[in-house]
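**Student:** Supplied structure: upload.tsv, TSV, N, CA and C atoms.
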```tsv
chain	number	residue	atom	x	y	z
A	1	MET	N	111.40	173.09	66.05
A	1	MET	CA	110.77	172.14	66.94
A	1	MET	C	111.39	170.75	66.71
A	2	GLU	N	111.34	169.95	67.74
A	2	GLU	CA	111.96	168.62	67.68
A	2	GLU	C	110.97	167.58	67.16
A	3	LEU	N	111.44	166.73	66.27
A	3	LEU	CA	110.62	165.65	65.76
A	3	LEU	C	110.45	164.57	66.83
A	4	LYS	N	109.31	163.92	66.83
A	4	LYS	CA	109.00	162.88	67.82
A	4	LYS	C	110.03	161.75	67.79
A	5	TYR	N	110.51	161.40	66.61
A	5	TYR	CA	111.50	160.32	66.47
A	5	TYR	C	112.79	160.88	65.87
A	6	GLU	N	113.24	161.98	66.42
A	6	GLU	CA	114.40	162.72	65.93
A	6	GLU	C	115.64	161.83	65.78
A	7	GLN	N	115.97	161.09	66.81
A	7	GLN	CA	117.18	160.25	66.75
A	7	GLN	C	117.05	159.14	65.72
A	8	GLU	N	115.85	158.59	65.58
A	8	GLU	CA	115.64	157.49	64.64
A	8	GLU	C	115.73	157.93	63.18
A	9	VAL	N	115.46	159.18	62.91
A	9	VAL	CA	115.50	159.68	61.53
A	9	VAL	C	116.65	160.64	61.27
A	10	ASP	N	117.61	160.70	62.18
A	10	ASP	CA	118.70	161.66	62.00
A	10	ASP	C	119.56	161.37	60.77
A	11	HIS	N	119.51	160.15	60.26
A	11	HIS	CA	120.26	159.79	59.05
A	11	HIS	C	119.46	160.06	57.76
A	12	CYS	N	118.21	160.45	57.91
A	12	CYS	CA	117.31	160.62	56.77
A	12	CYS	C	117.45	162.00	56.13
A	13	ASN	N	117.26	162.04	54.85
A	13	ASN	CA	117.21	163.32	54.14
A	13	ASN	C	115.77	163.79	54.12
A	14	LEU	N	115.46	164.77	54.96
A	14	LEU	CA	114.11	165.29	55.06
A	14	LEU	C	114.01	166.69	54.45
A	15	ASP	N	114.90	166.99	53.51
A	15	ASP	CA	114.91	168.31	52.88
A	15	ASP	C	113.61	168.63	52.14
A	16	ASP	N	112.93	167.60	51.65
A	16	ASP	CA	111.68	167.81	50.91
A	16	ASP	C	110.46	167.89	51.83
A	17	TYR	N	110.68	167.86	53.13
A	17	TYR	CA	109.59	167.94	54.11
A	17	TYR	C	109.56	169.34	54.69
A	18	SER	N	108.36	169.81	54.96
A	18	SER	CA	108.21	171.13	55.58
A	18	SER	C	106.89	171.20	56.34
A	19	PRO	N	106.79	172.13	57.29
A	19	PRO	CA	105.52	172.31	58.00
A	19	PRO	C	104.47	172.85	57.02
A	20	LYS	N	103.26	172.29	57.08
A	20	LYS	CA	102.19	172.71	56.18
A	20	LYS	C	100.85	172.64	56.91
A	21	ASP	N	99.98	173.57	56.58
A	21	ASP	CA	98.58	173.46	56.97
A	21	ASP	C	97.89	172.70	55.85
A	22	ARG	N	97.22	171.60	56.20
A	22	ARG	CA	96.54	170.82	55.15
A	22	ARG	C	95.49	169.91	55.74
A	23	GLU	N	94.47	169.67	54.94
A	23	GLU	CA	93.45	168.69	55.31
A	23	GLU	C	94.02	167.31	55.04
A	24	ALA	N	93.61	166.33	55.86
A	24	ALA	CA	94.17	164.99	55.73
A	24	ALA	C	93.13	163.93	56.07
A	25	PHE	N	93.32	162.76	55.45
A	25	PHE	CA	92.47	161.60	55.70
A	25	PHE	C	93.36	160.42	56.05
A	26	ARG	N	92.88	159.59	56.98
A	26	ARG	CA	93.69	158.46	57.45
A	26	ARG	C	92.78	157.29	57.81
A	27	TRP	N	93.29	156.08	57.59
A	27	TRP	CA	92.58	154.87	58.02
A	27	TRP	C	92.70	154.75	59.53
A	28	VAL	N	91.59	154.47	60.18
A	28	VAL	CA	91.59	154.33	61.64
A	28	VAL	C	90.63	153.21	62.07
A	29	PHE	N	90.77	152.81	63.32
A	29	PHE	CA	89.89	151.82	63.92
A	29	PHE	C	88.62	152.50	64.45
A	30	ASP	N	87.65	151.68	64.89
A	30	ASP	CA	86.35	152.22	65.35
A	30	ASP	C	86.49	153.24	66.47
A	31	ASP	N	87.42	153.02	67.36
A	31	ASP	CA	87.67	153.95	68.46
A	31	ASP	C	88.76	154.93	68.01
A	32	ILE	N	88.43	156.19	67.89
A	32	ILE	CA	89.40	157.18	67.42
A	32	ILE	C	90.62	157.25	68.34
A	33	ASN	N	90.47	156.79	69.57
A	33	ASN	CA	91.58	156.79	70.52
A	33	ASN	C	92.34	155.47	70.55
A	34	HIS	N	92.06	154.58	69.60
A	34	HIS	CA	92.80	153.31	69.52
A	34	HIS	C	94.29	153.63	69.48
A	35	PRO	N	95.11	152.91	70.24
A	35	PRO	CA	96.54	153.26	70.34
A	35	PRO	C	97.31	153.19	69.02
A	36	ASN	N	96.83	152.43	68.04
A	36	ASN	CA	97.56	152.33	66.77
A	36	ASN	C	97.10	153.33	65.71
A	37	ASN	N	96.06	154.07	65.97
A	37	ASN	CA	95.50	154.95	64.93
A	37	ASN	C	96.48	155.98	64.38
A	38	PHE	N	97.32	156.52	65.20
A	38	PHE	CA	98.21	157.58	64.74
A	38	PHE	C	99.68	157.27	65.06
A	39	LEU	N	100.00	156.00	65.04
A	39	LEU	CA	101.39	155.58	65.22
A	39	LEU	C	102.03	155.35	63.85
A	40	PRO	N	103.32	155.62	63.75
A	40	PRO	CA	104.02	155.24	62.51
A	40	PRO	C	104.14	153.72	62.45
A	41	PRO	N	104.24	153.17	61.25
A	41	PRO	CA	104.27	151.70	61.08
A	41	PRO	C	105.33	150.99	61.91
A	42	ILE	N	106.49	151.58	62.07
A	42	ILE	CA	107.58	150.92	62.80
A	42	ILE	C	107.24	150.71	64.28
A	43	LYS	N	106.37	151.53	64.83
A	43	LYS	CA	105.97	151.38	66.23
A	43	LYS	C	104.93	150.27	66.39
A	44	ILE	N	104.24	149.93	65.31
A	44	ILE	CA	103.24	148.86	65.34
A	44	ILE	C	103.89	147.51	65.04
A	45	THR	N	104.81	147.50	64.08
A	45	THR	CA	105.54	146.27	63.73
A	45	THR	C	107.03	146.56	63.79
A	46	PRO	N	107.61	146.52	64.99
A	46	PRO	CA	109.00	146.92	65.21
A	46	PRO	C	110.04	146.02	64.56
A	47	GLU	N	109.64	144.87	64.04
A	47	GLU	CA	110.61	143.99	63.39
A	47	GLU	C	110.99	144.49	61.99
A	48	ARG	N	110.36	145.55	61.52
A	48	ARG	CA	110.67	146.09	60.20
A	48	ARG	C	112.02	146.83	60.23
A	49	ASP	N	112.50	147.20	59.06
A	49	ASP	CA	113.80	147.86	58.90
A	49	ASP	C	113.77	149.27	59.49
A	50	LYS	N	114.39	149.45	60.63
A	50	LYS	CA	114.37	150.73	61.34
A	50	LYS	C	115.09	151.85	60.58
A	51	ARG	N	115.87	151.49	59.56
A	51	ARG	CA	116.56	152.52	58.77
A	51	ARG	C	115.67	153.14	57.70
A	52	ASP	N	114.49	152.54	57.48
A	52	ASP	CA	113.54	153.04	56.48
A	52	ASP	C	112.86	154.29	57.05
A	53	CYS	N	113.21	155.42	56.55
A	53	CYS	CA	112.74	156.71	57.08
A	53	CYS	C	111.22	156.85	57.05
A	54	GLY	N	110.59	156.33	56.01
A	54	GLY	CA	109.15	156.43	55.88
A	54	GLY	C	108.38	155.69	56.96
A	55	LEU	N	109.00	154.67	57.54
A	55	LEU	CA	108.32	153.91	58.57
A	55	LEU	C	108.19	154.67	59.89
A	56	TRP	N	108.91	155.77	60.01
A	56	TRP	CA	108.84	156.61	61.22
A	56	TRP	C	107.83	157.75	61.07
A	57	ALA	N	107.13	157.78	59.94
A	57	ALA	CA	106.16	158.83	59.65
A	57	ALA	C	104.74	158.25	59.69
A	58	VAL	N	103.77	159.12	59.88
A	58	VAL	CA	102.36	158.74	59.87
A	58	VAL	C	101.83	159.05	58.47
A	59	SER	N	101.11	158.08	57.88
A	59	SER	CA	100.61	158.19	56.51
A	59	SER	C	99.24	158.85	56.46
A	60	PHE	N	99.05	159.67	55.43
A	60	PHE	CA	97.78	160.35	55.21
A	60	PHE	C	97.48	160.41	53.71
A	61	PHE	N	96.25	160.81	53.41
A	61	PHE	CA	95.82	161.05	52.04
A	61	PHE	C	95.18	162.43	51.94
A	62	ASP	N	95.20	162.98	50.73
A	62	ASP	CA	94.63	164.31	50.48
A	62	ASP	C	93.10	164.31	50.47
A	63	THR	N	92.50	163.22	49.98
A	63	THR	CA	91.05	163.17	49.87
A	63	THR	C	90.52	161.84	50.40
A	64	ILE	N	89.26	161.82	50.72
A	64	ILE	CA	88.63	160.59	51.18
A	64	ILE	C	88.60	159.56	50.06
A	65	GLU	N	88.40	160.02	48.84
A	65	GLU	CA	88.38	159.11	47.69
A	65	GLU	C	89.72	158.41	47.51
A	66	GLN	N	90.80	159.14	47.67
A	66	GLN	CA	92.14	158.55	47.55
A	66	GLN	C	92.40	157.55	48.68
A	67	ALA	N	91.96	157.87	49.88
A	67	ALA	CA	92.14	156.96	51.01
A	67	ALA	C	91.36	155.67	50.77
A	68	LYS	N	90.13	155.79	50.31
A	68	LYS	CA	89.31	154.61	50.04
A	68	LYS	C	89.87	153.79	48.89
A	69	SER	N	90.29	154.44	47.85
A	69	SER	CA	90.83	153.74	46.68
A	69	SER	C	92.07	152.93	47.04
A	70	ARG	N	92.98	153.53	47.77
A	70	ARG	CA	94.20	152.83	48.15
A	70	ARG	C	93.91	151.66	49.10
A	71	PHE	N	92.99	151.88	50.03
A	71	PHE	CA	92.60	150.82	50.95
A	71	PHE	C	92.03	149.64	50.17
A	72	LYS	N	91.15	149.91	49.24
A	72	LYS	CA	90.54	148.86	48.42
A	72	LYS	C	91.60	148.12	47.62
A	73	GLU	N	92.55	148.85	47.09
A	73	GLU	CA	93.61	148.26	46.28
A	73	GLU	C	94.48	147.30	47.09
A	74	ILE	N	94.89	147.70	48.28
A	74	ILE	CA	95.82	146.85	49.03
A	74	ILE	C	95.13	145.74	49.84
A	75	THR	N	93.81	145.83	50.00
A	75	THR	CA	93.11	144.80	50.75
A	75	THR	C	92.30	143.85	49.87
A	76	LYS	N	92.32	144.05	48.56
A	76	LYS	CA	91.44	143.27	47.66
A	76	LYS	C	91.64	141.76	47.78
A	77	ASP	N	92.86	141.30	48.00
A	77	ASP	CA	93.13	139.86	48.13
A	77	ASP	C	93.44	139.44	49.56
A	78	LYS	N	93.25	140.36	50.49
A	78	LYS	CA	93.59	140.10	51.89
A	78	LYS	C	92.38	140.44	52.76
A	79	THR	N	91.50	139.48	52.88
A	79	THR	CA	90.20	139.67	53.53
A	79	THR	C	90.27	140.31	54.91
A	80	TYR	N	91.25	139.95	55.70
A	80	TYR	CA	91.30	140.42	57.08
A	80	TYR	C	92.38	141.48	57.35
A	81	LEU	N	92.98	142.02	56.33
A	81	LEU	CA	94.01	143.04	56.51
A	81	LEU	C	93.47	144.27	57.24
A	82	TYR	N	92.19	144.55	57.07
A	82	TYR	CA	91.59	145.70	57.75
A	82	TYR	C	91.79	145.62	59.27
A	83	LYS	N	91.97	144.41	59.80
A	83	LYS	CA	92.18	144.26	61.25
A	83	LYS	C	93.50	144.86	61.70
A	84	LYS	N	94.43	145.05	60.76
A	84	LYS	CA	95.71	145.70	61.08
A	84	LYS	C	95.69	147.18	60.70
A	85	LEU	N	94.86	147.54	59.71
A	85	LEU	CA	94.87	148.89	59.16
A	85	LEU	C	93.78	149.80	59.71
A	86	GLY	N	92.69	149.21	60.15
A	86	GLY	CA	91.52	149.98	60.56
A	86	GLY	C	90.40	149.76	59.56
A	87	GLN	N	89.20	150.16	59.96
A	87	GLN	CA	88.06	149.93	59.09
A	87	GLN	C	87.28	151.20	58.79
A	88	ASN	N	87.87	152.35	59.11
A	88	ASN	CA	87.22	153.63	58.89
A	88	ASN	C	88.20	154.64	58.30
A	89	VAL	N	87.63	155.73	57.82
A	89	VAL	CA	88.44	156.87	57.38
A	89	VAL	C	88.15	158.02	58.34
A	90	ALA	N	89.21	158.63	58.82
A	90	ALA	CA	89.07	159.81	59.67
A	90	ALA	C	89.58	161.02	58.90
A	91	ASN	N	89.01	162.17	59.22
A	91	ASN	CA	89.38	163.43	58.58
A	91	ASN	C	89.78	164.43	59.64
A	92	GLY	N	90.80	165.22	59.31
A	92	GLY	CA	91.24	166.27	60.22
A	92	GLY	C	92.09	167.27	59.49
A	93	ASN	N	92.48	168.30	60.21
A	93	ASN	CA	93.33	169.33	59.65
A	93	ASN	C	94.67	169.35	60.37
A	94	LEU	N	95.72	169.14	59.60
A	94	LEU	CA	97.07	169.22	60.15
A	94	LEU	C	97.53	170.67	60.08
A	95	SER	N	98.31	171.08	61.05
A	95	SER	CA	98.82	172.45	61.06
A	95	SER	C	100.35	172.43	61.04
A	96	VAL	N	100.92	173.59	60.82
A	96	VAL	CA	102.37	173.71	60.80
A	96	VAL	C	102.98	173.34	62.15
A	97	ASP	N	102.17	173.33	63.20
A	97	ASP	CA	102.64	172.97	64.53
A	97	ASP	C	102.65	171.47	64.80
A	98	ASP	N	102.15	170.68	63.84
A	98	ASP	CA	102.06	169.23	64.04
A	98	ASP	C	103.31	168.48	63.60
A	99	GLY	N	104.03	169.01	62.65
A	99	GLY	CA	105.21	168.32	62.14
A	99	GLY	C	105.55	168.76	60.74
A	100	ILE	N	106.37	167.95	60.09
A	100	ILE	CA	106.77	168.26	58.71
A	100	ILE	C	106.25	167.14	57.80
A	101	SER	N	105.76	167.55	56.64
A	101	SER	CA	105.22	166.56	55.70
A	101	SER	C	105.82	166.78	54.32
A	102	CYS	N	105.76	165.72	53.54
A	102	CYS	CA	106.24	165.77	52.17
A	102	CYS	C	105.08	166.12	51.25
A	103	ASP	N	105.38	166.38	49.98
A	103	ASP	CA	104.34	166.58	49.00
A	103	ASP	C	103.65	165.25	48.75
A	104	SER	N	102.43	165.30	48.31
A	104	SER	CA	101.66	164.08	48.01
A	104	SER	C	102.16	163.42	46.74
A	105	ASN	N	102.06	162.10	46.72
A	105	ASN	CA	102.43	161.37	45.51
A	105	ASN	C	101.21	161.29	44.58
A	106	GLU	N	101.34	160.54	43.49
A	106	GLU	CA	100.26	160.46	42.50
A	106	GLU	C	99.00	159.80	43.04
A	107	GLN	N	99.10	159.10	44.15
A	107	GLN	CA	97.93	158.47	44.78
A	107	GLN	C	97.34	159.35	45.88
A	108	GLY	N	97.88	160.55	46.04
A	108	GLY	CA	97.39	161.45	47.07
A	108	GLY	C	97.91	161.13	48.45
A	109	HIS	N	98.91	160.27	48.53
A	109	HIS	CA	99.48	159.86	49.82
A	109	HIS	C	100.63	160.78	50.21
A	110	PHE	N	100.71	161.08	51.50
A	110	PHE	CA	101.87	161.82	52.02
A	110	PHE	C	102.17	161.36	53.44
A	111	ASP	N	103.39	161.62	53.88
A	111	ASP	CA	103.85	161.26	55.21
A	111	ASP	C	104.04	162.51	56.07
A	112	LEU	N	103.80	162.34	57.35
A	112	LEU	CA	104.02	163.39	58.33
A	112	LEU	C	104.96	162.87	59.41
A	113	HIS	N	106.05	163.58	59.63
A	113	HIS	CA	106.93	163.32	60.77
A	113	HIS	C	106.49	164.30	61.85
A	114	GLU	N	105.91	163.76	62.92
A	114	GLU	CA	105.34	164.58	63.98
A	114	GLU	C	106.39	165.24	64.86
A	115	TYR	N	105.99	166.36	65.44
A	115	TYR	CA	106.79	167.00	66.47
A	115	TYR	C	106.47	166.36	67.82
A	116	VAL	N	107.39	166.48	68.73
A	116	VAL	CA	107.20	166.02	70.11
A	116	VAL	C	105.98	166.72	70.70
A	117	GLY	N	105.15	165.95	71.41
A	117	GLY	CA	104.00	166.53	72.11
A	117	GLY	C	102.73	166.63	71.29
A	118	VAL	N	102.76	166.23	70.04
A	118	VAL	CA	101.58	166.32	69.18
A	118	VAL	C	100.65	165.14	69.45
A	119	ASP	N	99.35	165.41	69.55
A	119	ASP	CA	98.33	164.37	69.70
A	119	ASP	C	97.37	164.49	68.53
A	120	LEU	N	97.59	163.68	67.51
A	120	LEU	CA	96.77	163.77	66.30
A	120	LEU	C	95.34	163.27	66.53
A	121	SER	N	95.13	162.36	67.46
A	121	SER	CA	93.79	161.81	67.67
A	121	SER	C	92.77	162.90	68.04
A	122	SER	N	93.22	163.96	68.68
A	122	SER	CA	92.31	165.03	69.07
A	122	SER	C	91.92	165.93	67.90
A	123	LYS	N	92.60	165.77	66.77
A	123	LYS	CA	92.33	166.62	65.59
A	123	LYS	C	91.51	165.91	64.53
A	124	PHE	N	91.21	164.62	64.74
A	124	PHE	CA	90.55	163.82	63.71
A	124	PHE	C	89.24	163.24	64.21
A	125	ALA	N	88.33	163.04	63.25
A	125	ALA	CA	87.04	162.41	63.53
A	125	ALA	C	86.74	161.42	62.40
A	126	ILE	N	86.13	160.32	62.76
A	126	ILE	CA	85.74	159.32	61.76
A	126	ILE	C	84.62	159.89	60.89
A	127	VAL	N	84.80	159.75	59.57
A	127	VAL	CA	83.82	160.30	58.64
A	127	VAL	C	83.16	159.25	57.75
A	128	ASP	N	83.74	158.06	57.65
A	128	ASP	CA	83.16	157.03	56.79
A	128	ASP	C	83.77	155.67	57.12
A	129	SER	N	83.06	154.63	56.72
A	129	SER	CA	83.52	153.26	56.90
A	129	SER	C	84.24	152.79	55.64
A	130	LEU	N	85.22	151.90	55.81
A	130	LEU	CA	85.94	151.33	54.67
A	130	LEU	C	85.45	149.93	54.32
A	131	ILE	N	84.75	149.29	55.24
A	131	ILE	CA	84.30	147.92	54.98
A	131	ILE	C	82.79	147.80	55.15
```
Have the structure of the file written as structure tokens, please.
**Tutor:**
Amino acid sequence: MELKYEQEVDHCNLDDYSPKDREAFRWVFDDINHPNNFLPPIKITPERDKRDCGLWAVSFFDTIEQAKSRFKEITKDKTYLYKKLGQNVANGNLSVDDGISCDSNEQGHFDLHEYVGVDLSSKFAIVDSLI
């Protein structure tokens, strides 16, 4: 299957990525259909380095606790950062048909490079508030 941003990541080494069925948590805005909820960072802030492969992926966490912990960590000195990141945690199940993802890091974070035609907003529901 073709990746949503295939041309943009054609220089990237994605050998450690593979299709996986997995539960996932993500920071989102109050409206689950908010246009930025499931966009990769480069699409939200296009002035960033387009060669950074991770910026073309959508970020997730393995558990709600990990999502909350990381959110608290990066927003502790930035009172209004939630306005860019979202103020809720959404939960959903990713399938092998959604894209390819890497293994989680020590913070439970992982990236997903979506396939063309995938709509992640229909697979997720808000489960808790972050603020």
**Student:** Here is a test: counting only C-alpha atoms, which residue of A:Ala90, A:Cys102, A:Val96, A:Leu120 is nearest to Trp27 of chain A?
**Tutor:**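 Result for the nearest residue to Trp27 of chain A: A:Ala90.
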**Student:** Work out how far atom C of Val58 of chain A is from atom N of Pro41 of chain A, in Å to one decimal.
**Tutor:**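 These atoms are spaced 6.9 Å apart.
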**Student:** Just list the residues in chain A DSSP gives alpha helix (DSSP H) on the backbone, as a PyMOL selection string.
**Tutor:** chain A and resi 41-44+64-75+82-85
**Student:** So the first atom is atom CA of Ser18 of chain A and the second is atom C of Ser95 of chain A; what is the distance between them in Å, to one decimal place?
**Tutor:**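 Between atom CA of Ser18 of chain A and atom C of Ser95 of chain A the gap works out to 9.7 Å.
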**Student:** From the options A:Ile42, A:Cys53, A:Ile32, A:Ala24, which residue's atoms come nearest to Ile126 of chain A, counting all atoms listed in the file?
**Tutor:**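 Counting all atoms listed in the file, the residue closest to Ile126 of chain A is A:Ile32.
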**Student:** Could you tell me how far atom CA of Ser59 of chain A sits from atom CA of Pro40 of chain A, in Å to one decimal place?
**Tutor:**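 Separation between atom CA of Pro40 of chain A and atom CA of Ser59 of chain A: 7.5 Å.
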**Student:** DSSP says strand (DSSP E) for which residues of chain A? Put them as a PyMOL selection string?
**Tutor:** chain A and resi 22-28+58-61+88-94+99-101+109-114+124-129
**Student:** Nearest to Tyr82 of chain A: which of A:Asn13, A:Gly108, A:Phe29, A:Arg51 is it, counting all atoms listed in the file?
**Tutor:**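 So, comparing all the options, the nearest one is A:Phe29.
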**Student:** What's the 8 Å shell around Val118 of chain A, counting only N, CA and C atoms, without same-chain residues fewer than 6 positions away, as a ChimeraX atom specification?
**Tutor:** /A:4,97-99
**Student:** Using all atoms listed in the file, can you tell me which of A:Asp15, A:Glu6, A:Asp30, A:Glu23 comes closest to Asn93 of chain A?
**Tutor:**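 With all atoms listed in the file as the atom set, the closest residue is A:Glu23.
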**Student:** Just checking: using all atoms listed in the file, which residue out of A:Arg70, A:Lys78, A:Lys84, A:His109 ends up closest to Val28 of chain A?
**Tutor:**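 Distance minimum relative to Val28 of chain A lands on A:Lys84.
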**Student:** Would you pick out the contacts of segment 64-67 of chain A at 8 Å or less, using only C-alpha atoms, so that residues sharing its chain but fewer than 4 positions from it are not included, and give the list as a VMD selection string?
**Tutor:** chain A and resid 25 to 27 60 71 89 91 107 to 109
**Student:** Have a look at A:Leu130, A:Met1, A:Asp103, A:Asp10 and name the one nearest to Lys72 of chain A; count only N, CA and C atoms.
**Tutor:** A:Leu130
**Student:** Where's the centre, and what are the edge lengths in Å to one decimal, of a box along x, y and z enclosing all listed atoms of segment 62-80 of chain A padded 6 Å per side, as JSON?
**Tutor:**
```
{"center_x": 92.1, "center_y": 151.9, "center_z": 51.8, "size_x": 19.4, "size_y": 36.9, "size_z": 23.1}
```
**Student:** Output as a CSV table (one decimal), in the frame of the given file: segment 86-104 of chain A, completed with N, CA, C and O atoms.
**Tutor:**
```
chain,number,residue,atom,x,y,z
A,86,GLY,N,92.7,149.2,60.2
A,86,GLY,CA,91.5,150.0,60.6
A,86,GLY,C,90.4,149.8,59.6
A,86,GLY,O,90.6,149.3,58.5
A,87,GLN,N,89.2,150.2,60.0
A,87,GLN,CA,88.1,149.9,59.1
A,87,GLN,C,87.3,151.2,58.8
A,87,GLN,O,86.2,151.2,58.2
A,88,ASN,N,87.9,152.4,59.1
A,88,ASN,CA,87.2,153.6,58.9
A,88,ASN,C,88.2,154.6,58.3
A,88,ASN,O,89.4,154.4,58.3
A,89,VAL,N,87.6,155.7,57.8
A,89,VAL,CA,88.4,156.9,57.4
A,89,VAL,C,88.2,158.0,58.3
A,89,VAL,O,87.0,158.3,58.6
A,90,ALA,N,89.2,158.6,58.8
A,90,ALA,CA,89.1,159.8,59.7
A,90,ALA,C,89.6,161.0,58.9
A,90,ALA,O,90.5,160.9,58.0
A,91,ASN,N,89.0,162.2,59.2
A,91,ASN,CA,89.4,163.4,58.6
A,91,ASN,C,89.8,164.4,59.6
A,91,ASN,O,89.2,164.5,60.7
A,92,GLY,N,90.8,165.2,59.3
A,92,GLY,CA,91.2,166.3,60.2
A,92,GLY,C,92.1,167.3,59.5
A,92,GLY,O,92.4,167.1,58.3
A,93,ASN,N,92.5,168.3,60.2
A,93,ASN,CA,93.3,169.3,59.6
A,93,ASN,C,94.7,169.4,60.4
A,93,ASN,O,94.7,169.5,61.6
A,94,LEU,N,95.7,169.1,59.6
A,94,LEU,CA,97.1,169.2,60.2
A,94,LEU,C,97.5,170.7,60.1
A,94,LEU,O,97.2,171.4,59.1
A,95,SER,N,98.3,171.1,61.0
A,95,SER,CA,98.8,172.4,61.1
A,95,SER,C,100.4,172.4,61.0
A,95,SER,O,101.0,171.4,61.3
A,96,VAL,N,100.9,173.6,60.8
A,96,VAL,CA,102.4,173.7,60.8
A,96,VAL,C,103.0,173.3,62.2
A,96,VAL,O,104.2,173.0,62.2
A,97,ASP,N,102.2,173.3,63.2
A,97,ASP,CA,102.6,173.0,64.5
A,97,ASP,C,102.6,171.5,64.8
A,97,ASP,O,103.1,171.0,65.9
A,98,ASP,N,102.2,170.7,63.8
A,98,ASP,CA,102.1,169.2,64.0
A,98,ASP,C,103.3,168.5,63.6
A,98,ASP,O,103.6,167.4,64.1
A,99,GLY,N,104.0,169.0,62.6
A,99,GLY,CA,105.2,168.3,62.1
A,99,GLY,C,105.6,168.8,60.7
A,99,GLY,O,105.1,169.8,60.3
A,100,ILE,N,106.4,168.0,60.1
A,100,ILE,CA,106.8,168.3,58.7
A,100,ILE,C,106.2,167.1,57.8
A,100,ILE,O,106.3,166.0,58.1
A,101,SER,N,105.8,167.6,56.6
A,101,SER,CA,105.2,166.6,55.7
A,101,SER,C,105.8,166.8,54.3
A,101,SER,O,106.3,167.9,54.0
A,102,CYS,N,105.8,165.7,53.5
A,102,CYS,CA,106.2,165.8,52.2
A,102,CYS,C,105.1,166.1,51.2
A,102,CYS,O,103.9,166.1,51.7
A,103,ASP,N,105.4,166.4,50.0
A,103,ASP,CA,104.3,166.6,49.0
A,103,ASP,C,103.6,165.2,48.8
A,103,ASP,O,104.2,164.2,48.9
A,104,SER,N,102.4,165.3,48.3
A,104,SER,CA,101.7,164.1,48.0
A,104,SER,C,102.2,163.4,46.7
A,104,SER,O,102.6,164.1,45.8
```
